[in-house]
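**Student:** Could you have a look at this structure, given as structure tokens, before my questions?
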Amino acid sequence: MFAMLNIQIINKCIYDYFYNREFLQHSFVITCMHKIQMKISKVYHRNEQRICIKVDYDKDIVAKIKQVSDAKWSRTMNAWHIPYSQKSYNDLKAMFPNVEIEGKKKKENDSDDKKKISIIKRNTNKENVSDKKVFNSIDKQNSEIEIQYTHARIFVKLPKKDTDTQFLKTFKYVRWDGDRFLWIIPNFGKNLDILLSYFKGRNVSVCELKSIVIEQRKTPVYSAAGNFLVVNKFNRTLKVYFAYNRALINELKQLQVCRWSVEEGCWTMPYSDNILEKLHSICDANGLVWELKRESKTQGAPRKFVENPVKCPVNYVEKLKELRYSKNTIETYTDLFEEFINYYLPKKPEDISEEEIVQFLRYLVNERQISTSYQNQSINAIKFFYERVLGGIRKIYEIERPRKEQYLPEVLSEEEVAAILKSITNIKHKALIMTIYSGGLRISEVINLKVKDIDSKRMQIRISQAKGKKDRYTLLSEKTLITLRQYFAEYKPNEWLFEGEEGGQYSTGSIYGILKKALHNAKINKKVSIHSLRHSFATHLLEAGTDLRYIQSLLGHSSSKTTEIYTHITTKGFDQIKNPLDKLDI
């Protein structure tokens with residue numbers, strides 16, 4: 001039903017009719033004396049019924065709306081909304097008393113019998129059924145709306161209707177499957193109950209599917225329903241699993257080293273006893289059940305177990321902060337040095353001899369079978385204590401090191417980069433990926449960009465205090481600038497160039513998700529990451545004839561040897577080389 005309210009005369013009979021029935025069945029429009037239209041409708045916002053008020057900006061109108069209790073502005077709806085209650089409706093009517101209501105009478109023949117939801121409970125016996133066949137085997141019984149659910153997902157298929165679409169979009173992580181013409185909603189919390197409550201009074205079929213395998217993962221998936229599950233991976237990494245909880249996620253983000261893994265579907269962070277204790281405290285504070293599992297390597301050994309481990313000396317941490325080391329470096333050095341001093345408990349760090357230091361480093365290589373980078377970081381952490389904290393002389397610890405691995409980074413061709421950018425339709429996501437590639441940025445650098453760092457006059461991007469505490473300028477392409485302006489006009493970021501939904505810096509996990517989806521849509525099977533865009537930027541510059549010293553400056557490399565790796569990747573000049581096999585008479 002759609003009704004029009006004009007501020008002219010009061011039609012008392014019609015007003016009383018609507019007032020005594022359900023106060024807001026459908027939407028209507030108020031046309032004010034000074035030609036301002038106001039559309040009011042019932043909406044579902046953040047899983048709550050609200051009255052949505054859409055009106056062109058007018059100072060007096062907005063001031064009146066704000067007087068309604070719990071009136072809020074929604075940026076996503078671009079409208080005001082108030083509680084869906086009789087009192088709020090009455091308050092709104094009191095603000096615009098001289099109105100005439102014209103509307104269609106509600107049909108009287110809508111019996112309660114037709115409002116019952118038909119529920120079909122069926123358990124499929126087939127194993128490993130793909131979710132692409134979810135709706136192929138259900139008896140639809142001429143139902144208007146079809147709902148199927150598993151322990152993880154809810155599948156909703158229904159005719160197109162704007163109010164239903166708006167309601168479904170209020171669920172967290174909901175997505176539209178265009179291939180099967182259905183909505184997919186995570187099955188956690190009260191999502192299923194909310195759906196059934198919303199569709200009450202309509203012809204709905206509901207089916208539970210218990211034997212559906214939705215997705216195959218390469219990594220093991222742990223079920224942590226109702227629990228707070230922490231997986232200790234080789235005493236190197238902690239993986240955290242729990243049901244979605246926004247407050248809990250915000251607490252984890254305060255740990256700084258916490259990162260979301262898109263591939264594994266969990267929160268990850270480096271292992272340390274200190275972080276493990278913080279996680280236990282967070283779990284207890286939220287009333288969850290603590291569960292700890294350990295993953296062991298087939299070769300090597302985890303860290304030596306210590307019953308009462310000691311913490312890193314305070315003067316060690318203070319010296320790191322005094323010398324302005326980054327947060328990540330402080331976390332890494334502290335963790336590695338704690339492993340060292342706990343290995344020789346109850347000995348004090350000052351009493352550990354040089355021979356014992358070498359013995360510990362050999363233990364890391366031979367028994368722990370750590371990587372060369374882990375080994376070098378351990379040496380640096382130990383040297384920092386004896387040379388910088390205690391003020392000793394510089395030493396080189398002579399041990400047999402394994403030959404350092406040499407890896408060539410995976411790069412994308414120019415055509416592949418273009419395909420990735422073309423596959424991204426969201427202007428914000430496209431602007432972000434374009435900025436990373438066109439400037440050769442690290443992921444930490446792009447999330448730290450501020451609006452003021454874009455210099456459109458000089459066509460440069462300023463990178464402040466990047467890796468190694470260095471500032472630098474890099475390139476800003478003309479196409480990137482055009483896309484950034486379109487993004488800025490739509491999203492209007494305040495401080496950070498790319499901000500999250502609730503303000504603040506954009507999360508790294510979201511950026512990984514954007515690239516993963518773009519690679520899938522562009523049908524690129526290479527194993528690439530966000531950092532691969534930086535490698536691709538450097539390689540494409542080198543192939544275009546850019547001097548290696550300029551590339552070194554744009555990337556912010558301290559040593560030219562780091563930049564020289566791109567000479568091993570580029571295909572420039574390969575077409576000029578004649579393969580000796582082609583000369584053979586065979």
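Chain labels follow the order of the structure tokens: the first chain is A, the next B, and so on; residue numbering restarts at 1 in every chain, and ligands are counted from 1 in their shown order.
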Show me, as a count of residues only, the residues that have an atom within 10 Å of His45 (chain A) when counting only C-alpha atoms, minus same-chain residues fewer than 4 positions from it.

**Tutor:** 14

**Student:** With only C-alpha atoms as the atoms that count, which of A:Asn203, A:Arg246, A:Phe537, A:Ser272 lies nearest to Asn232 (chain A)?

**Tutor:**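 With only C-alpha atoms as the atom set, the closest residue is A:Ser272.
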
**Student:** Give me the residues within 12 Å of Ser558 (chain A) as a PyMOL selection string, counting only C-alpha atoms and dropping any in the same chain fewer than 6 places off.

**Tutor:** chain A and resi 466-472+549+551-552+564

**Student:** Can you spit out the residues from that selection as a PDB file, in the first residue's frame, using all heavy atoms?

**Tutor:**
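That gives us part-v7.pdb:
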ATOM      1  N   ALA A 466      58.012   4.686   6.356  1.00  0.00           N
ATOM      2  CA  ALA A 466      57.778   3.311   5.918  1.00  0.00           C
ATOM      3  C   ALA A 466      58.825   2.400   6.549  1.00  0.00           C
ATOM      4  O   ALA A 466      59.441   2.749   7.559  1.00  0.00           O
ATOM      5  CB  ALA A 466      57.827   3.237   4.394  1.00  0.00           C
ATOM      6  N   LYS A 467      59.032   1.237   5.965  1.00  0.00           N
ATOM      7  CA  LYS A 467      59.991   0.271   6.508  1.00  0.00           C
ATOM      8  C   LYS A 467      61.368   0.904   6.635  1.00  0.00           C
ATOM      9  O   LYS A 467      61.846   1.562   5.717  1.00  0.00           O
ATOM     10  CB  LYS A 467      60.053  -0.948   5.576  1.00  0.00           C
ATOM     11  CG  LYS A 467      60.890  -2.090   6.117  1.00  0.00           C
ATOM     12  CD  LYS A 467      60.825  -3.275   5.173  1.00  0.00           C
ATOM     13  CE  LYS A 467      61.662  -4.433   5.689  1.00  0.00           C
ATOM     14  NZ  LYS A 467      61.610  -5.599   4.767  1.00  0.00           N
ATOM     15  N   GLY A 468      61.974   0.732   7.792  1.00  0.00           N
ATOM     16  CA  GLY A 468      63.268   1.349   8.047  1.00  0.00           C
ATOM     17  C   GLY A 468      63.172   2.802   8.455  1.00  0.00           C
ATOM     18  O   GLY A 468      64.155   3.535   8.406  1.00  0.00           O
ATOM     19  N   LYS A 469      61.947   3.249   8.842  1.00  0.00           N
ATOM     20  CA  LYS A 469      61.726   4.634   9.291  1.00  0.00           C
ATOM     21  C   LYS A 469      62.126   5.642   8.221  1.00  0.00           C
ATOM     22  O   LYS A 469      62.760   6.664   8.503  1.00  0.00           O
ATOM     23  CB  LYS A 469      62.524   4.904  10.580  1.00  0.00           C
ATOM     24  CG  LYS A 469      62.110   4.060  11.777  1.00  0.00           C
ATOM     25  CD  LYS A 469      60.852   4.593  12.394  1.00  0.00           C
ATOM     26  CE  LYS A 469      60.470   3.835  13.643  1.00  0.00           C
ATOM     27  NZ  LYS A 469      59.251   4.349  14.260  1.00  0.00           N
ATOM     28  N   LYS A 470      61.774   5.364   6.974  1.00  0.00           N
ATOM     29  CA  LYS A 470      62.194   6.229   5.866  1.00  0.00           C
ATOM     30  C   LYS A 470      60.980   6.835   5.172  1.00  0.00           C
ATOM     31  O   LYS A 470      59.958   6.165   4.989  1.00  0.00           O
ATOM     32  CB  LYS A 470      63.024   5.429   4.853  1.00  0.00           C
ATOM     33  CG  LYS A 470      64.369   4.949   5.374  1.00  0.00           C
ATOM     34  CD  LYS A 470      65.105   4.114   4.355  1.00  0.00           C
ATOM     35  CE  LYS A 470      64.408   2.800   4.109  1.00  0.00           C
ATOM     36  NZ  LYS A 470      65.189   1.906   3.218  1.00  0.00           N
ATOM     37  N   ASP A 471      61.100   8.103   4.780  1.00  0.00           N
ATOM     38  CA  ASP A 471      60.109   8.769   3.935  1.00  0.00           C
ATOM     39  C   ASP A 471      60.564   8.664   2.480  1.00  0.00           C
ATOM     40  O   ASP A 471      61.771   8.619   2.198  1.00  0.00           O
ATOM     41  CB  ASP A 471      59.975  10.251   4.304  1.00  0.00           C
ATOM     42  CG  ASP A 471      59.350  10.449   5.673  1.00  0.00           C
ATOM     43  OD1 ASP A 471      58.878   9.448   6.247  1.00  0.00           O
ATOM     44  OD2 ASP A 471      59.348  11.586   6.170  1.00  0.00           O
ATOM     45  N   ARG A 472      59.595   8.648   1.578  1.00  0.00           N
ATOM     46  CA  ARG A 472      59.959   8.654   0.159  1.00  0.00           C
ATOM     47  C   ARG A 472      58.760   9.118  -0.662  1.00  0.00           C
ATOM     48  O   ARG A 472      57.641   9.214  -0.142  1.00  0.00           O
ATOM     49  CB  ARG A 472      60.420   7.276  -0.315  1.00  0.00           C
ATOM     50  CG  ARG A 472      59.310   6.261  -0.533  1.00  0.00           C
ATOM     51  CD  ARG A 472      59.855   4.959  -1.103  1.00  0.00           C
ATOM     52  NE  ARG A 472      58.819   4.062  -1.566  1.00  0.00           N
ATOM     53  CZ  ARG A 472      58.134   3.223  -0.813  1.00  0.00           C
ATOM     54  NH1 ARG A 472      58.384   3.167   0.490  1.00  0.00           N
ATOM     55  NH2 ARG A 472      57.210   2.435  -1.341  1.00  0.00           N
ATOM     56  N   ARG A 549      68.412   2.488 -10.655  1.00  0.00           N
ATOM     57  CA  ARG A 549      68.566   3.399  -9.497  1.00  0.00           C
ATOM     58  C   ARG A 549      67.274   4.139  -9.202  1.00  0.00           C
ATOM     59  O   ARG A 549      66.953   4.397  -8.037  1.00  0.00           O
ATOM     60  CB  ARG A 549      69.693   4.401  -9.781  1.00  0.00           C
ATOM     61  CG  ARG A 549      71.083   3.774  -9.786  1.00  0.00           C
ATOM     62  CD  ARG A 549      72.119   4.753 -10.262  1.00  0.00           C
ATOM     63  NE  ARG A 549      71.896   5.141 -11.664  1.00  0.00           N
ATOM     64  CZ  ARG A 549      72.646   6.019 -12.318  1.00  0.00           C
ATOM     65  NH1 ARG A 549      73.651   6.615 -11.702  1.00  0.00           N
ATOM     66  NH2 ARG A 549      72.386   6.302 -13.583  1.00  0.00           N
ATOM     67  N   ILE A 551      64.250   2.917  -9.871  1.00  0.00           N
ATOM     68  CA  ILE A 551      63.354   1.907  -9.290  1.00  0.00           C
ATOM     69  C   ILE A 551      63.687   1.695  -7.826  1.00  0.00           C
ATOM     70  O   ILE A 551      62.788   1.563  -6.981  1.00  0.00           O
ATOM     71  CB  ILE A 551      63.462   0.580 -10.077  1.00  0.00           C
ATOM     72  CG1 ILE A 551      63.064   0.802 -11.540  1.00  0.00           C
ATOM     73  CG2 ILE A 551      62.609  -0.502  -9.436  1.00  0.00           C
ATOM     74  CD1 ILE A 551      63.256  -0.419 -12.426  1.00  0.00           C
ATOM     75  N   GLN A 552      64.981   1.670  -7.500  1.00  0.00           N
ATOM     76  CA  GLN A 552      65.398   1.526  -6.100  1.00  0.00           C
ATOM     77  C   GLN A 552      64.847   2.652  -5.241  1.00  0.00           C
ATOM     78  O   GLN A 552      64.348   2.431  -4.126  1.00  0.00           O
ATOM     79  CB  GLN A 552      66.924   1.517  -6.016  1.00  0.00           C
ATOM     80  CG  GLN A 552      67.468   1.455  -4.589  1.00  0.00           C
ATOM     81  CD  GLN A 552      68.981   1.593  -4.544  1.00  0.00           C
ATOM     82  OE1 GLN A 552      69.667   1.482  -5.575  1.00  0.00           O
ATOM     83  NE2 GLN A 552      69.513   1.843  -3.367  1.00  0.00           N
ATOM     84  N   GLU A 564      68.187  -5.460  -7.526  1.00  0.00           N
ATOM     85  CA  GLU A 564      68.751  -6.219  -8.645  1.00  0.00           C
ATOM     86  C   GLU A 564      68.050  -7.555  -8.873  1.00  0.00           C
ATOM     87  O   GLU A 564      68.223  -8.179  -9.915  1.00  0.00           O
ATOM     88  CB  GLU A 564      70.253  -6.459  -8.419  1.00  0.00           C
ATOM     89  CG  GLU A 564      71.090  -5.215  -8.647  1.00  0.00           C
ATOM     90  CD  GLU A 564      72.537  -5.406  -8.207  1.00  0.00           C
ATOM     91  OE1 GLU A 564      72.879  -6.537  -7.790  1.00  0.00           O
ATOM     92  OE2 GLU A 564      73.302  -4.432  -8.274  1.00  0.00           O
TER      93      GLU A 564
END

**Student:** For Arg259 (chain A), find every residue with an atom within 10 Å (counting only C-alpha atoms), except residues of its own chain fewer than 6 positions away, and show them as a PyMOL selection string.

**Tutor:** chain A and resi 239+252-253+266-270+507-509

**Student:** Excluding Asn191 (chain A) and its own-chain neighbours fewer than 4 positions away, which residues fall within 9 Å of it when counting only C-alpha atoms? Please give them as a list in words.

**Tutor:**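 Listing them by chain and then by number gives Asn47, Ile154, Phe171, Ile185, Pro186, Asn187, Leu195 and Leu196 of chain A.
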
**Student:** Can you pull out every residue within 12 Å of Ile341 (chain A), counting only C-alpha atoms, but drop anything in the same chain fewer than 3 positions away, and send it as a count of residues only?

**Tutor:** 29

**Student:** Measuring between only C-alpha atoms, which one of A:Ile463, A:Ile40, A:Ile145, A:Asn227 shows the shortest distance to Lys161 (chain A)?

**Tutor:** A:Ile145

**Student:** Per DSSP on the backbone, filter region 132-356 of chain A down to the residues in strand (DSSP E) and report them as number ranges by chain.

**Tutor:** A: 145-149, 153-157, 175-177, 182-186, 204-208, 227-233, 237-241, 259-261, 266-270, 289-295

**Student:** Once you have the residues from the selection above, write them out as a short mmCIF file (atom, residue, chain, number, x, y, z; two decimals), in the first residue's frame, restricted to N, CA and C atoms.

**Tutor:**
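Output file result-v1.cif follows:
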data_model
loop_
_atom_site.label_atom_id
_atom_site.label_comp_id
_atom_site.auth_asym_id
_atom_site.auth_seq_id
_atom_site.Cartn_x
_atom_site.Cartn_y
_atom_site.Cartn_z
N ILE A 145 8.63 -18.75 -1.14
CA ILE A 145 9.98 -18.55 -0.62
C ILE A 145 10.55 -19.89 -0.20
N GLU A 146 11.78 -20.18 -0.61
CA GLU A 146 12.43 -21.44 -0.26
C GLU A 146 13.66 -21.16 0.59
N ILE A 147 13.73 -21.81 1.75
CA ILE A 147 14.86 -21.65 2.66
C ILE A 147 15.46 -23.02 2.94
N GLN A 148 16.74 -23.17 2.65
CA GLN A 148 17.47 -24.38 3.03
C GLN A 148 18.66 -23.96 3.87
N TYR A 149 19.03 -24.80 4.82
CA TYR A 149 20.13 -24.42 5.70
C TYR A 149 20.95 -25.64 6.11
N ARG A 153 25.52 -22.46 6.63
CA ARG A 153 24.95 -21.47 5.72
C ARG A 153 23.44 -21.61 5.61
N ILE A 154 22.82 -20.51 5.21
CA ILE A 154 21.39 -20.48 4.93
C ILE A 154 21.22 -20.01 3.49
N PHE A 155 20.42 -20.75 2.70
CA PHE A 155 20.18 -20.41 1.30
C PHE A 155 18.73 -19.95 1.18
N VAL A 156 18.54 -18.76 0.64
CA VAL A 156 17.20 -18.17 0.53
C VAL A 156 16.93 -17.86 -0.94
N LYS A 157 15.83 -18.43 -1.46
CA LYS A 157 15.42 -18.18 -2.84
C LYS A 157 14.01 -17.62 -2.82
N ARG A 175 25.59 -12.57 0.91
CA ARG A 175 26.02 -12.34 -0.48
C ARG A 175 25.00 -12.92 -1.44
N TRP A 176 24.94 -12.33 -2.61
CA TRP A 176 24.01 -12.76 -3.65
C TRP A 176 24.75 -13.67 -4.62
N ASP A 177 24.20 -14.86 -4.88
CA ASP A 177 24.77 -15.80 -5.84
C ASP A 177 24.01 -15.62 -7.15
N LEU A 182 20.04 -16.84 -5.72
CA LEU A 182 19.66 -17.02 -4.32
C LEU A 182 20.61 -16.24 -3.43
N TRP A 183 20.15 -16.02 -2.21
CA TRP A 183 20.97 -15.33 -1.20
C TRP A 183 21.62 -16.36 -0.28
N ILE A 184 22.86 -16.10 0.12
CA ILE A 184 23.58 -16.99 1.03
C ILE A 184 23.92 -16.20 2.29
N ILE A 185 23.45 -16.71 3.44
CA ILE A 185 23.62 -16.02 4.73
C ILE A 185 24.32 -16.97 5.69
N PRO A 186 25.32 -16.52 6.45
CA PRO A 186 25.95 -17.39 7.46
C PRO A 186 24.93 -17.84 8.50
N VAL A 204 6.17 -20.23 2.84
CA VAL A 204 7.60 -20.49 2.95
C VAL A 204 7.83 -21.99 3.12
N SER A 205 8.79 -22.53 2.40
CA SER A 205 9.23 -23.91 2.62
C SER A 205 10.63 -23.88 3.22
N VAL A 206 10.83 -24.67 4.27
CA VAL A 206 12.10 -24.69 5.00
C VAL A 206 12.64 -26.11 5.00
N CYS A 207 13.90 -26.28 4.66
CA CYS A 207 14.49 -27.62 4.57
C CYS A 207 15.88 -27.60 5.18
N GLU A 208 16.16 -28.58 6.03
CA GLU A 208 17.49 -28.72 6.63
C GLU A 208 18.29 -29.75 5.86
N ASN A 227 32.87 -22.04 21.62
CA ASN A 227 34.15 -22.05 22.33
C ASN A 227 35.07 -20.96 21.80
N PHE A 228 36.16 -20.78 22.51
CA PHE A 228 37.24 -19.90 22.08
C PHE A 228 38.43 -20.81 21.85
N LEU A 229 38.64 -21.22 20.59
CA LEU A 229 39.65 -22.22 20.26
C LEU A 229 40.95 -21.55 19.80
N VAL A 230 42.05 -21.90 20.44
CA VAL A 230 43.36 -21.39 20.07
C VAL A 230 44.22 -22.57 19.64
N VAL A 231 44.76 -22.51 18.43
CA VAL A 231 45.62 -23.57 17.90
C VAL A 231 47.06 -23.07 17.90
N ASN A 232 47.92 -23.76 18.63
CA ASN A 232 49.34 -23.42 18.70
C ASN A 232 50.06 -24.18 17.59
N LYS A 233 50.48 -23.48 16.57
CA LYS A 233 51.12 -24.11 15.41
C LYS A 233 52.64 -24.04 15.56
N THR A 237 53.10 -19.86 15.58
CA THR A 237 51.91 -19.07 15.26
C THR A 237 50.73 -19.53 16.09
N LEU A 238 49.89 -18.58 16.46
CA LEU A 238 48.64 -18.88 17.16
C LEU A 238 47.48 -18.58 16.21
N LYS A 239 46.56 -19.55 16.08
CA LYS A 239 45.36 -19.37 15.25
C LYS A 239 44.14 -19.42 16.17
N VAL A 240 43.26 -18.41 16.04
CA VAL A 240 42.13 -18.27 16.95
C VAL A 240 40.82 -18.43 16.18
N TYR A 241 39.94 -19.31 16.67
CA TYR A 241 38.63 -19.57 16.06
C TYR A 241 37.53 -19.29 17.08
N ARG A 259 46.15 -10.60 13.00
CA ARG A 259 45.79 -10.45 11.59
C ARG A 259 44.72 -11.48 11.22
N TRP A 260 43.81 -11.11 10.31
CA TRP A 260 42.78 -12.04 9.83
C TRP A 260 43.31 -12.79 8.62
N SER A 261 43.21 -14.13 8.66
CA SER A 261 43.63 -14.98 7.54
C SER A 261 42.40 -15.37 6.73
N CYS A 266 40.46 -17.60 10.10
CA CYS A 266 40.73 -17.43 11.53
C CYS A 266 41.63 -16.22 11.74
N TRP A 267 41.80 -15.83 13.01
CA TRP A 267 42.72 -14.75 13.37
C TRP A 267 44.07 -15.37 13.72
N THR A 268 45.15 -14.79 13.22
CA THR A 268 46.49 -15.34 13.46
C THR A 268 47.38 -14.30 14.10
N MET A 269 48.36 -14.77 14.86
CA MET A 269 49.33 -13.89 15.52
C MET A 269 50.56 -14.72 15.88
N PRO A 270 51.73 -14.09 16.04
CA PRO A 270 52.93 -14.85 16.41
C PRO A 270 52.80 -15.41 17.82
N VAL A 289 34.37 -20.63 26.52
CA VAL A 289 35.08 -21.82 26.99
C VAL A 289 36.45 -21.88 26.32
N TRP A 290 37.51 -21.88 27.11
CA TRP A 290 38.87 -21.89 26.59
C TRP A 290 39.23 -23.29 26.09
N GLU A 291 39.80 -23.34 24.88
CA GLU A 291 40.23 -24.62 24.31
C GLU A 291 41.54 -24.39 23.58
N LEU A 292 42.55 -25.18 23.91
CA LEU A 292 43.89 -25.02 23.33
C LEU A 292 44.32 -26.32 22.67
N LYS A 293 44.73 -26.23 21.39
CA LYS A 293 45.24 -27.39 20.66
C LYS A 293 46.63 -27.07 20.16
N ARG A 294 47.41 -28.13 19.96
CA ARG A 294 48.77 -27.96 19.48
C ARG A 294 48.95 -28.72 18.18
N GLU A 295 49.63 -28.08 17.22
CA GLU A 295 50.02 -28.74 15.99
C GLU A 295 51.52 -29.00 16.05
#
